[in-house]
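Peer 1: What follows is final-v8.cif; its format and atoms are mmCIF, C-alpha atoms and all ligand atoms.
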data_model
#
loop_
_atom_site.label_atom_id
_atom_site.label_comp_id
_atom_site.auth_asym_id
_atom_site.auth_seq_id
_atom_site.Cartn_x
_atom_site.Cartn_y
_atom_site.Cartn_z
CA MET A 14 -16.13 -32.69 -7.32
CA PRO A 15 -12.67 -34.27 -7.68
CA LEU A 16 -10.37 -31.95 -9.60
CA LYS A 17 -7.09 -31.89 -11.39
CA SER A 18 -4.83 -28.95 -11.95
CA ILE A 19 -2.75 -28.01 -14.94
CA THR A 20 0.09 -25.61 -14.18
CA ILE A 21 1.98 -23.53 -16.69
CA GLU A 22 4.97 -21.36 -15.88
CA VAL A 23 5.78 -18.53 -18.25
CA SER A 24 8.49 -15.92 -18.15
CA GLU A 25 7.26 -13.39 -20.65
CA SER A 26 4.49 -11.07 -19.61
CA ARG A 27 2.79 -11.07 -22.98
CA GLU A 28 1.90 -14.74 -22.56
CA THR A 29 -0.10 -14.85 -19.36
CA GLY A 30 -3.42 -13.36 -20.47
CA PHE A 31 -3.38 -15.56 -23.52
CA VAL A 32 -2.65 -18.72 -21.52
CA SER A 33 -5.48 -17.91 -19.15
CA ASP A 34 -7.92 -17.43 -22.04
CA VAL A 35 -6.88 -20.70 -23.63
CA LEU A 36 -7.44 -22.55 -20.36
CA PHE A 37 -10.95 -21.13 -19.98
CA GLU A 38 -11.79 -22.01 -23.55
CA LEU A 39 -10.65 -25.56 -22.86
CA GLY A 40 -13.10 -25.79 -19.95
CA ALA A 41 -11.13 -24.68 -16.88
CA LEU A 42 -13.31 -24.06 -13.82
CA SER A 43 -10.91 -21.47 -12.46
CA VAL A 44 -7.53 -20.00 -13.31
CA SER A 45 -5.17 -18.45 -10.80
CA ILE A 46 -2.08 -16.43 -11.67
CA SER A 47 0.92 -16.14 -9.37
CA ASP A 48 3.67 -13.58 -9.84
CA LEU A 49 7.05 -15.28 -9.74
CA TYR A 50 8.94 -12.15 -10.63
CA GLN A 51 10.69 -11.86 -7.34
CA GLY A 52 12.33 -15.16 -8.13
CA THR A 53 11.41 -16.70 -4.80
CA GLY A 54 9.53 -19.57 -6.39
CA ALA A 55 6.90 -19.05 -3.66
CA GLU A 56 3.25 -19.43 -4.55
CA ASP A 57 1.92 -15.87 -4.46
CA PRO A 58 -1.44 -15.80 -6.20
CA ILE A 59 -2.44 -12.33 -7.30
CA TYR A 60 -5.95 -13.12 -8.29
CA SER A 61 -8.22 -15.88 -9.47
CA GLU A 62 -10.53 -15.61 -12.39
CA GLN A 63 -13.72 -17.46 -13.20
CA PRO A 64 -14.87 -18.04 -16.76
CA GLN A 65 -17.08 -15.20 -17.95
CA GLY A 66 -18.77 -16.39 -21.12
CA THR A 67 -16.87 -16.50 -24.35
CA VAL A 68 -13.36 -15.14 -24.41
CA SER A 69 -11.26 -14.47 -27.43
CA LEU A 70 -7.99 -16.33 -27.68
CA SER A 71 -6.24 -13.35 -29.16
CA ALA A 72 -7.89 -10.54 -27.19
CA ALA A 73 -5.81 -10.93 -24.07
CA ARG A 74 -2.42 -11.10 -25.76
CA GLY A 75 -0.12 -8.51 -24.27
CA GLN A 76 -2.48 -7.48 -21.49
CA SER A 77 -0.85 -9.26 -18.61
CA LEU A 78 0.85 -7.34 -15.84
CA TRP A 79 3.09 -10.21 -14.81
CA ARG A 80 6.38 -11.20 -16.19
CA ASN A 81 7.26 -14.47 -14.52
CA ALA A 82 4.00 -16.18 -13.78
CA ARG A 83 2.70 -19.54 -12.70
CA ILE A 84 -0.77 -20.13 -14.06
CA THR A 85 -2.77 -22.93 -12.51
CA ALA A 86 -6.09 -24.08 -13.92
CA LEU A 87 -8.53 -26.46 -12.31
CA PHE A 88 -10.38 -28.97 -14.45
CA PRO A 89 -12.87 -31.72 -13.53
CA LEU A 90 -11.02 -34.96 -12.92
CA CYS A 91 -12.61 -36.59 -15.97
CA PHE A 92 -10.68 -34.28 -18.32
CA ASP A 93 -7.85 -36.06 -20.10
CA SER A 94 -4.58 -34.46 -18.93
CA GLU A 95 -2.55 -35.75 -21.83
CA ALA A 96 -4.99 -34.31 -24.37
CA LEU A 97 -5.16 -31.00 -22.49
CA LEU A 98 -1.41 -30.66 -22.33
CA MET A 99 -1.11 -31.47 -26.02
CA THR A 100 -3.80 -28.93 -26.95
CA ILE A 101 -2.22 -26.23 -24.80
CA GLY A 102 1.19 -27.01 -26.29
CA THR A 103 -0.24 -26.72 -29.80
CA GLU A 104 -2.12 -23.49 -29.03
CA PHE A 105 1.12 -21.93 -27.85
CA GLY A 106 3.50 -23.43 -30.32
CA LEU A 107 5.29 -24.72 -27.23
CA GLU A 108 8.34 -25.78 -29.21
CA GLN A 109 8.96 -22.11 -29.96
CA THR A 110 8.32 -21.06 -26.38
CA PRO A 111 11.11 -22.57 -24.29
CA THR A 112 10.26 -20.15 -21.47
CA MET A 113 7.13 -22.14 -20.65
CA ARG A 114 6.86 -25.25 -18.51
CA LEU A 115 3.76 -27.45 -18.25
CA TYR A 116 2.77 -30.02 -15.70
CA SER A 117 -0.37 -31.56 -14.30
CA GLU A 118 -1.39 -32.77 -10.85
CA VAL A 119 -4.49 -34.66 -9.71
CA PHE A 120 -6.28 -33.64 -6.52
CA ASP A 121 -8.30 -36.66 -5.53
CA ASP A 122 -11.31 -35.64 -3.47
CA LYS A 123 -10.30 -31.97 -3.53
CA SER A 124 -13.39 -29.81 -3.79
CA PRO A 125 -13.44 -26.24 -5.18
CA ALA A 126 -13.81 -25.01 -1.58
CA GLU A 127 -10.60 -26.80 -0.66
CA TRP A 128 -8.93 -25.22 -3.66
CA VAL A 129 -10.04 -21.75 -2.55
CA ALA A 130 -8.68 -22.49 0.94
CA ARG A 131 -5.41 -23.61 -0.60
CA VAL A 132 -5.11 -20.44 -2.67
CA GLN A 133 -6.04 -18.26 0.30
CA SER A 134 -3.52 -19.91 2.57
CA SER A 135 -0.76 -18.97 0.15
CA PHE A 136 -1.49 -15.21 0.54
CA GLN A 137 0.91 -13.68 3.03
CA PRO A 138 0.41 -10.40 4.95
CA ILE A 139 2.13 -7.54 3.13
CA CYS A 140 4.21 -5.33 5.34
CA LEU A 141 4.52 -1.70 4.22
CA GLY A 142 6.24 -0.20 7.24
CA GLU A 143 3.61 1.20 9.58
CA LEU A 144 0.84 -0.45 7.64
CA THR A 145 0.19 -4.09 6.88
CA ILE A 146 -2.22 -5.45 4.31
CA THR A 147 -3.81 -8.61 5.60
CA PHE A 148 -6.61 -10.82 4.39
CA PRO A 149 -9.83 -11.64 6.24
CA TRP A 150 -8.62 -15.13 7.08
CA HIS A 151 -5.40 -13.82 8.71
CA PRO A 152 -5.00 -12.70 12.32
CA ARG A 153 -4.39 -8.93 12.64
CA GLU A 154 -0.78 -7.79 12.97
CA ALA A 155 -0.04 -6.09 16.30
CA GLY A 156 1.46 -2.59 16.53
CA VAL A 157 0.69 -1.51 12.96
CA THR A 158 -2.32 -0.26 11.03
CA ASN A 159 -4.04 -3.21 9.41
CA VAL A 160 -5.80 -2.84 6.10
CA VAL A 161 -7.91 -5.96 5.65
CA LEU A 162 -8.62 -6.76 2.02
CA ASP A 163 -10.62 -9.38 0.28
CA PRO A 164 -9.71 -8.76 -3.36
CA GLY A 165 -12.21 -11.31 -4.69
CA MET A 166 -11.77 -11.47 -8.45
CA THR A 167 -10.31 -7.96 -8.66
CA PHE A 168 -6.74 -6.77 -8.95
CA GLY A 169 -5.38 -5.22 -5.79
CA SER A 170 -4.41 -7.83 -3.24
CA GLY A 171 -1.40 -5.63 -2.52
CA GLU A 172 1.07 -8.21 -3.74
CA HIS A 173 2.00 -6.56 -7.02
CA ALA A 174 5.04 -4.28 -7.09
CA THR A 175 3.03 -1.39 -8.57
CA THR A 176 0.41 -1.55 -5.81
CA GLN A 177 3.17 -1.44 -3.20
CA LEU A 178 4.95 1.47 -4.89
CA CYS A 179 1.67 3.41 -4.98
CA ALA A 180 0.62 2.44 -1.45
CA ARG A 181 3.93 3.61 0.01
CA TRP A 182 3.71 6.87 -1.94
CA VAL A 183 0.16 7.48 -0.76
CA MET A 184 1.17 6.76 2.86
CA GLU A 185 4.09 9.19 2.63
CA ASN A 186 2.15 12.02 1.01
CA VAL A 187 -1.33 11.94 2.40
CA GLY A 188 -2.06 14.49 5.09
CA LYS A 189 -4.90 15.48 7.35
CA GLY A 190 -7.91 16.92 5.57
CA MET A 191 -6.73 15.90 2.08
CA GLU A 192 -8.93 14.63 -0.70
CA VAL A 193 -7.58 11.70 -2.73
CA LEU A 194 -8.67 10.20 -6.04
CA ASP A 195 -7.73 6.56 -6.73
CA PHE A 196 -8.45 6.00 -10.41
CA GLY A 197 -8.55 2.30 -11.35
CA THR A 198 -9.23 1.36 -7.76
CA GLY A 199 -9.64 -2.42 -8.20
CA SER A 200 -10.08 -3.81 -4.68
CA GLY A 201 -10.06 -0.23 -3.34
CA VAL A 202 -6.67 -0.82 -1.77
CA LEU A 203 -5.11 2.61 -2.43
CA ALA A 204 -8.21 4.61 -1.51
CA ILE A 205 -8.45 2.62 1.72
CA VAL A 206 -4.75 3.01 2.52
CA ALA A 207 -5.25 6.78 2.16
CA ALA A 208 -8.40 6.84 4.26
CA VAL A 209 -7.02 4.81 7.17
CA MET A 210 -3.72 6.69 7.39
CA GLU A 211 -5.08 10.15 8.03
CA ASP A 212 -8.32 11.99 8.35
CA VAL A 213 -8.81 12.07 4.59
CA ARG A 214 -11.62 11.52 2.16
CA ALA A 215 -10.96 9.29 -0.82
CA VAL A 216 -12.80 8.58 -4.03
CA GLY A 217 -12.17 5.33 -5.92
CA VAL A 218 -13.20 4.88 -9.55
CA ASP A 219 -13.14 1.80 -11.73
CA LEU A 220 -14.64 0.81 -15.06
CA ASP A 221 -15.42 -2.62 -13.64
CA ALA A 222 -18.72 -2.72 -11.72
CA ASP A 223 -17.58 -5.83 -9.82
CA ALA A 224 -14.46 -4.02 -8.65
CA VAL A 225 -16.58 -1.17 -7.32
CA GLN A 226 -18.68 -3.66 -5.32
CA VAL A 227 -15.59 -5.40 -3.94
CA ALA A 228 -14.00 -2.05 -3.07
CA ARG A 229 -17.17 -0.95 -1.22
CA ALA A 230 -17.12 -4.16 0.82
CA ASN A 231 -13.45 -3.58 1.61
CA ALA A 232 -14.09 0.02 2.67
CA GLU A 233 -16.78 -1.24 5.07
CA ARG A 234 -14.51 -4.02 6.30
CA ASN A 235 -11.96 -1.35 7.28
CA GLY A 236 -14.45 1.02 8.88
CA VAL A 237 -13.84 3.80 6.34
CA ALA A 238 -17.00 3.51 4.24
CA ASP A 239 -18.05 6.99 5.38
CA ARG A 240 -14.81 8.47 3.99
CA VAL A 241 -14.34 6.37 0.84
CA SER A 242 -16.79 6.87 -2.03
CA LEU A 243 -16.68 4.44 -4.92
CA TYR A 244 -17.98 4.93 -8.43
CA GLU A 245 -18.00 3.38 -11.85
CA ASN A 246 -16.32 5.62 -14.44
CA GLU A 247 -19.46 7.25 -15.78
CA ASP A 248 -20.78 8.02 -12.29
CA GLU A 249 -17.65 9.75 -11.03
CA PRO A 250 -18.62 13.22 -9.77
CA GLU A 251 -17.41 15.86 -12.19
CA GLY A 252 -15.91 19.19 -11.29
CA ARG A 253 -14.11 17.92 -8.18
CA GLU A 254 -10.43 18.59 -7.64
CA TYR A 255 -8.16 16.54 -5.42
CA ASP A 256 -4.92 17.11 -3.52
CA LEU A 257 -3.59 13.70 -4.53
CA VAL A 258 -4.45 11.54 -7.54
CA VAL A 259 -3.12 8.02 -7.86
CA ALA A 260 -3.65 5.81 -10.89
CA ASN A 261 -2.14 2.34 -11.16
CA ILE A 262 -3.58 1.31 -14.47
CA MET A 263 -0.93 0.64 -17.18
CA ALA A 264 0.57 2.91 -19.80
CA GLY A 265 -2.15 2.78 -22.48
CA PRO A 266 -5.09 3.83 -20.28
CA LEU A 267 -2.88 6.32 -18.43
CA LYS A 268 -2.28 8.10 -21.72
CA SER A 269 -5.90 8.07 -22.85
CA LEU A 270 -7.08 9.17 -19.40
CA ALA A 271 -4.42 11.88 -19.01
CA ASP A 272 -6.65 14.91 -19.63
CA ARG A 273 -9.30 13.56 -17.27
CA LEU A 274 -6.80 12.77 -14.51
CA VAL A 275 -5.01 16.11 -14.80
CA SER A 276 -8.33 17.97 -14.67
CA ARG A 277 -9.06 16.27 -11.32
CA LEU A 278 -5.91 17.63 -9.71
CA LYS A 279 -5.75 20.92 -7.80
CA PRO A 280 -2.98 23.29 -8.95
CA GLY A 281 0.10 22.28 -6.97
CA GLY A 282 -1.45 18.86 -6.27
CA MET A 283 0.46 15.61 -6.75
CA ILE A 284 -0.17 12.70 -9.06
CA GLY A 285 1.25 9.17 -8.84
CA LEU A 286 1.17 7.15 -12.05
CA SER A 287 2.03 3.46 -12.09
CA GLY A 288 1.52 0.30 -14.08
CA VAL A 289 4.27 1.85 -16.18
CA LEU A 290 7.29 -0.17 -17.28
CA VAL A 291 10.77 1.35 -17.02
CA GLY A 292 10.95 1.55 -20.81
CA GLN A 293 7.68 3.53 -20.97
CA ALA A 294 8.60 6.11 -18.32
CA GLU A 295 10.15 8.72 -20.59
CA GLU A 296 7.20 8.73 -22.97
CA MET A 297 4.80 9.04 -20.04
CA ARG A 298 6.82 11.90 -18.55
CA ALA A 299 6.60 13.80 -21.84
CA TRP A 300 2.88 12.99 -22.30
CA TYR A 301 1.93 14.35 -18.89
CA GLY A 302 4.41 17.21 -19.26
CA GLU A 303 2.44 18.45 -22.26
CA ARG A 304 -0.61 18.52 -20.00
CA GLY A 305 0.88 20.63 -17.25
CA ILE A 306 2.35 17.94 -15.00
CA TRP A 307 5.94 18.30 -13.92
CA ILE A 308 7.30 14.80 -13.20
CA GLU A 309 9.60 15.43 -10.27
CA ASN A 310 10.33 11.95 -9.00
CA ALA A 311 10.23 8.27 -9.83
CA ALA A 312 10.41 5.07 -7.80
CA VAL A 313 11.33 1.77 -9.39
CA ASP A 314 10.66 -1.80 -8.31
CA CYS A 315 12.01 -4.45 -10.66
CA GLU A 316 10.74 -3.42 -14.08
CA TRP A 317 7.93 -1.20 -12.77
CA VAL A 318 7.94 2.55 -12.22
CA LEU A 319 5.87 4.94 -10.18
CA LEU A 320 6.09 8.42 -11.70
CA VAL A 321 5.36 11.25 -9.31
CA GLY A 322 4.28 14.57 -10.74
CA ARG A 323 2.97 17.91 -9.62
CA LYS A 324 0.41 20.06 -11.36
CA MET A 325 1.93 23.35 -12.26
CA GLY A 326 0.33 26.42 -10.77
CA LYS A 327 -0.15 27.75 -7.25
CA ARG A 328 -2.41 26.12 -4.71
C1 LIG A 401 -3.68 -2.76 -12.08
S1 LIG A 401 -5.27 -2.64 -11.36
C2 LIG A 401 -4.90 -1.61 -9.96
C3 LIG A 401 -5.78 -1.87 -8.77
C4 LIG A 401 -5.36 -1.12 -7.52
N1 LIG A 401 -5.52 0.31 -7.67
C5 LIG A 401 -3.91 -1.43 -7.17
O1 LIG A 401 -3.07 -0.53 -7.19
O2 LIG A 401 -3.63 -2.60 -6.87
C6 LIG A 401 -6.03 -1.55 -12.51
C7 LIG A 401 -7.49 -1.30 -12.27
O3 LIG A 401 -7.86 -0.26 -13.16
C8 LIG A 401 -9.09 -0.56 -13.74
N2 LIG A 401 -9.10 0.13 -15.03
C9 LIG A 401 -8.44 -0.19 -16.17
N3 LIG A 401 -8.69 0.71 -17.13
C10 LIG A 401 -9.52 1.63 -16.59
C11 LIG A 401 -10.15 2.80 -17.08
N4 LIG A 401 -9.98 3.21 -18.33
N5 LIG A 401 -10.95 3.49 -16.25
C12 LIG A 401 -11.14 3.09 -14.96
N6 LIG A 401 -10.58 1.98 -14.45
C13 LIG A 401 -9.78 1.27 -15.25
C14 LIG A 401 -9.14 -2.07 -13.83
O4 LIG A 401 -10.48 -2.52 -13.87
C15 LIG A 401 -8.40 -2.47 -12.56
O5 LIG A 401 -9.30 -2.66 -11.48
#
Can the structure in the file be given as structure tokens, please?
Peer 2:
Amino acid sequence: MPLKSITIEVSESRETGFVSDVLFELGALSVSISDLYQGTGAEDPIYSEQPQGTVSLSAARGQSLWRNARITALFPLCFDSEALLMTIGTEFGLEQTPTMRLYSEVFDDKSPAEWVARVQSSFQPICLGELTITFPWHPREAGVTNVVLDPGMTFGSGEHATTQLCARWVMENVGKGMEVLDFGTGSGVLAIVAAVMEDVRAVGVDLDADAVQVARANAERNGVADRVSLYENEDEPEGREYDLVVANIMAGPLKSLADRLVSRLKPGGMIGLSGVLVGQAEEMRAWYGERGIWIENAAVDCEWVLLVGRKMGKR
């Protein structure tokens, strides 16, 4: 089917989820979001979404993780670009949003499969020192451990700053025989990074059933399915304690999940909390402090923080 794309660039994180919802409601076949935060201008898609029934225009406000984003939506060629651009402009009150730029491009004879190939080709291997995250369509990198990920529709391609902060922390702190919990596992990336680095067992948990499926496929793809167990939230085994807990979820869920996460940590065990903005770090430190976690370190990448804490008490 011939397609046309509509691209919107925004520079305020609160806008991206809303823009994506509007595009689906207007009939977009797919929406991909690229993080432009690094200021490179390079096309770095983080994930693609497909329409999933009715979405609320207001529900996604404020939920985006990206600050400077390029959002590209594909529409059938027969859609009127002018009308679409006008509707999008009206939905956003574009006059009051000078941070947003709109343009449209027609892909004659481009099929959805070609679009997928185009998006995939823009993913680059992610080098994290001794470990590289690659994608199934890339050749393996020589001389390093390769984690091969197909993120599908989930978050966790490895491109986001928070994923990289967490992945590096996991790599530096995981040791032989450890047990790791990756809460909010998405593509399974952090659980898999743990399981391939050392002889460890990892558990990944996500509220999204699709993410759990994708993460299982990724664990198999990396030959660690026997050491990585994946569960939806309600199926997570209770009563287990871990040496290392990592949760890259965002501040709101991290607060509401705090008691659960802390209860999963062995005394003396370490927790890595990310998806936290610099401005939210102090509140998070206090929140977890009240629950017996001593925040002893923090790593920052752009506006994102990884807080590293230790559960008080002897091992
Ligand atoms: C930002 S992504 C992180 C994915 C991956 N761990 C990474 O670092 O790239 C957050 C993930 O947490 C999941 N999530 C959000 N809230 C959750 C909750 N309350 N319980 C479990 N998973 C949750 C989402 O479905 C999503 O897959």
Peer 1: Sorted by chain and rising residue number, which residues of chain A lie within 7 Å of ligand LIG 401 (chain A), and what are their closest atom pairs and distances in Å to one decimal, counting only C-alpha atoms and all ligand atoms, as a Markdown table?
Peer 2:
| residue | atom | partner | partner_atom | distance |
| --- | --- | --- | --- | --- |
| A:Thr167 | CA | A:LIG401 | O5 | 6.1 |
| A:Phe168 | CA | A:LIG401 | C3 | 5.0 |
| A:Gly169 | CA | A:LIG401 | O2 | 3.3 |
| A:Ser170 | CA | A:LIG401 | O2 | 6.4 |
| A:Gly171 | CA | A:LIG401 | O2 | 5.8 |
| A:His173 | CA | A:LIG401 | O2 | 6.9 |
| A:Thr175 | CA | A:LIG401 | O1 | 6.3 |
| A:Thr176 | CA | A:LIG401 | O1 | 3.9 |
| A:Cys179 | CA | A:LIG401 | O1 | 6.5 |
| A:Asp195 | CA | A:LIG401 | N1 | 6.7 |
| A:Phe196 | CA | A:LIG401 | C12 | 6.0 |
| A:Gly197 | CA | A:LIG401 | O3 | 3.2 |
| A:Thr198 | CA | A:LIG401 | N1 | 3.9 |
| A:Gly199 | CA | A:LIG401 | O5 | 3.3 |
| A:Ser200 | CA | A:LIG401 | C4 | 6.1 |
| A:Gly201 | CA | A:LIG401 | N1 | 6.3 |
| A:Val202 | CA | A:LIG401 | C4 | 5.9 |
| A:Leu203 | CA | A:LIG401 | N1 | 5.7 |
| A:Val218 | CA | A:LIG401 | C12 | 6.1 |
| A:Asp219 | CA | A:LIG401 | N6 | 3.7 |
| A:Leu220 | CA | A:LIG401 | C12 | 4.2 |
| A:Asp221 | CA | A:LIG401 | O4 | 4.9 |
| A:Ala224 | CA | A:LIG401 | O5 | 6.0 |
| A:Asn246 | CA | A:LIG401 | C12 | 5.8 |
| A:Ala260 | CA | A:LIG401 | N1 | 6.6 |
| A:Asn261 | CA | A:LIG401 | C2 | 5.0 |
| A:Ile262 | CA | A:LIG401 | C6 | 4.2 |
| A:Met263 | CA | A:LIG401 | C1 | 6.7 |
| A:Pro266 | CA | A:LIG401 | N4 | 5.3 |
| A:Leu270 | CA | A:LIG401 | N4 | 6.7 |
| A:Gly288 | CA | A:LIG401 | C1 | 6.4 |
Peer 1: So how far away is CA of Asp256 (chain A) from CA of Gly281 (chain A), in Å?
Peer 2: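 Between these atoms lies a distance of 8.0 Å.
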Peer 1: Kindly indicate which residue among A:Val35, A:Val193, A:Ala230, A:Ala41 lies nearest to Ile284 (chain A), using only C-alpha atoms for the distances.
Peer 2: A:Val193
Peer 1: Using only C-alpha atoms, can you tell me which of A:Ala208, A:Met99, A:Val321, A:Ala222 comes closest to Tyr244 (chain A)?
Peer 2: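 Nearest to Tyr244 (chain A): A:Ala222.
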Peer 1: Taking 4 positions as the minimum chain separation for residues in the same chain, which residues sit within 7 Å of region 147-162 of chain A when counting all atoms listed in the file? Answer as a ChimeraX atom specification.
Peer 2: /A:138-139,143,170,206,231,234-235
Peer 1: Keeping only C-alpha atoms, take the residues you just selected and write them out as a short mmCIF file (atom, residue, chain, number, x, y, z; two decimals), in the frame of the given file.
Peer 2:
data_model
loop_
_atom_site.label_atom_id
_atom_site.label_comp_id
_atom_site.auth_asym_id
_atom_site.auth_seq_id
_atom_site.Cartn_x
_atom_site.Cartn_y
_atom_site.Cartn_z
CA PRO A 138 0.41 -10.40 4.95
CA ILE A 139 2.13 -7.54 3.13
CA GLU A 143 3.61 1.20 9.58
CA SER A 170 -4.41 -7.83 -3.24
CA VAL A 206 -4.75 3.01 2.52
CA ASN A 231 -13.45 -3.58 1.61
CA ARG A 234 -14.51 -4.02 6.30
CA ASN A 235 -11.96 -1.35 7.28
#
Peer 1: Would you fill the gaps in region 184-208 of chain A so it has N, CA and C atoms, then print it as a compact mmCIF listing (two decimals), in the coordinates of the input?
Peer 2:
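Writing done, so here's out-v5.txt:
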# COMPACT_ATOMS: atom_id res chain seq x y z
N MET A 184 0.94 6.65 1.41
CA MET A 184 1.17 6.76 2.86
C MET A 184 2.09 7.94 3.19
N GLU A 185 3.12 8.13 2.34
CA GLU A 185 4.09 9.19 2.63
C GLU A 185 3.55 10.59 2.34
N ASN A 186 2.56 10.68 1.47
CA ASN A 186 2.15 12.02 1.01
C ASN A 186 0.78 12.47 1.44
N VAL A 187 0.01 11.55 1.99
CA VAL A 187 -1.33 11.94 2.40
C VAL A 187 -1.25 12.70 3.73
N GLY A 188 -2.07 13.71 3.85
CA GLY A 188 -2.06 14.49 5.09
C GLY A 188 -3.48 14.79 5.53
N LYS A 189 -3.58 15.20 6.76
CA LYS A 189 -4.90 15.48 7.35
C LYS A 189 -5.73 16.41 6.47
N GLY A 190 -6.98 16.05 6.29
CA GLY A 190 -7.91 16.92 5.57
C GLY A 190 -7.80 16.82 4.05
N MET A 191 -6.91 15.97 3.54
CA MET A 191 -6.73 15.90 2.08
C MET A 191 -7.85 15.11 1.41
N GLU A 192 -8.00 15.40 0.13
CA GLU A 192 -8.93 14.63 -0.70
C GLU A 192 -8.11 13.89 -1.75
N VAL A 193 -8.39 12.57 -1.88
CA VAL A 193 -7.58 11.70 -2.73
C VAL A 193 -8.47 11.02 -3.77
N LEU A 194 -7.97 10.96 -4.99
CA LEU A 194 -8.67 10.20 -6.04
C LEU A 194 -7.81 9.00 -6.41
N ASP A 195 -8.41 7.80 -6.33
CA ASP A 195 -7.73 6.56 -6.73
C ASP A 195 -8.43 6.07 -7.99
N PHE A 196 -7.80 6.33 -9.14
CA PHE A 196 -8.45 6.00 -10.41
C PHE A 196 -7.95 4.63 -10.87
N GLY A 197 -8.91 3.70 -11.08
CA GLY A 197 -8.55 2.30 -11.35
C GLY A 197 -8.35 1.62 -10.00
N THR A 198 -9.39 1.71 -9.19
CA THR A 198 -9.23 1.36 -7.76
C THR A 198 -9.15 -0.14 -7.50
N GLY A 199 -9.69 -0.97 -8.40
CA GLY A 199 -9.64 -2.42 -8.20
C GLY A 199 -10.32 -2.80 -6.88
N SER A 200 -9.56 -3.41 -5.98
CA SER A 200 -10.08 -3.81 -4.68
C SER A 200 -10.32 -2.62 -3.75
N GLY A 201 -9.93 -1.42 -4.19
CA GLY A 201 -10.06 -0.23 -3.34
C GLY A 201 -8.84 0.01 -2.48
N VAL A 202 -7.80 -0.80 -2.70
CA VAL A 202 -6.67 -0.82 -1.77
C VAL A 202 -6.06 0.57 -1.55
N LEU A 203 -5.83 1.34 -2.61
CA LEU A 203 -5.11 2.61 -2.43
C LEU A 203 -6.00 3.66 -1.78
N ALA A 204 -7.27 3.67 -2.15
CA ALA A 204 -8.21 4.61 -1.51
C ALA A 204 -8.30 4.30 -0.01
N ILE A 205 -8.32 3.02 0.31
CA ILE A 205 -8.45 2.62 1.72
C ILE A 205 -7.17 2.93 2.49
N VAL A 206 -6.03 2.67 1.87
CA VAL A 206 -4.75 3.01 2.52
C VAL A 206 -4.73 4.50 2.84
N ALA A 207 -5.21 5.33 1.90
CA ALA A 207 -5.25 6.78 2.16
C ALA A 207 -6.19 7.08 3.31
N ALA A 208 -7.36 6.48 3.29
CA ALA A 208 -8.40 6.84 4.26
C ALA A 208 -8.08 6.35 5.68
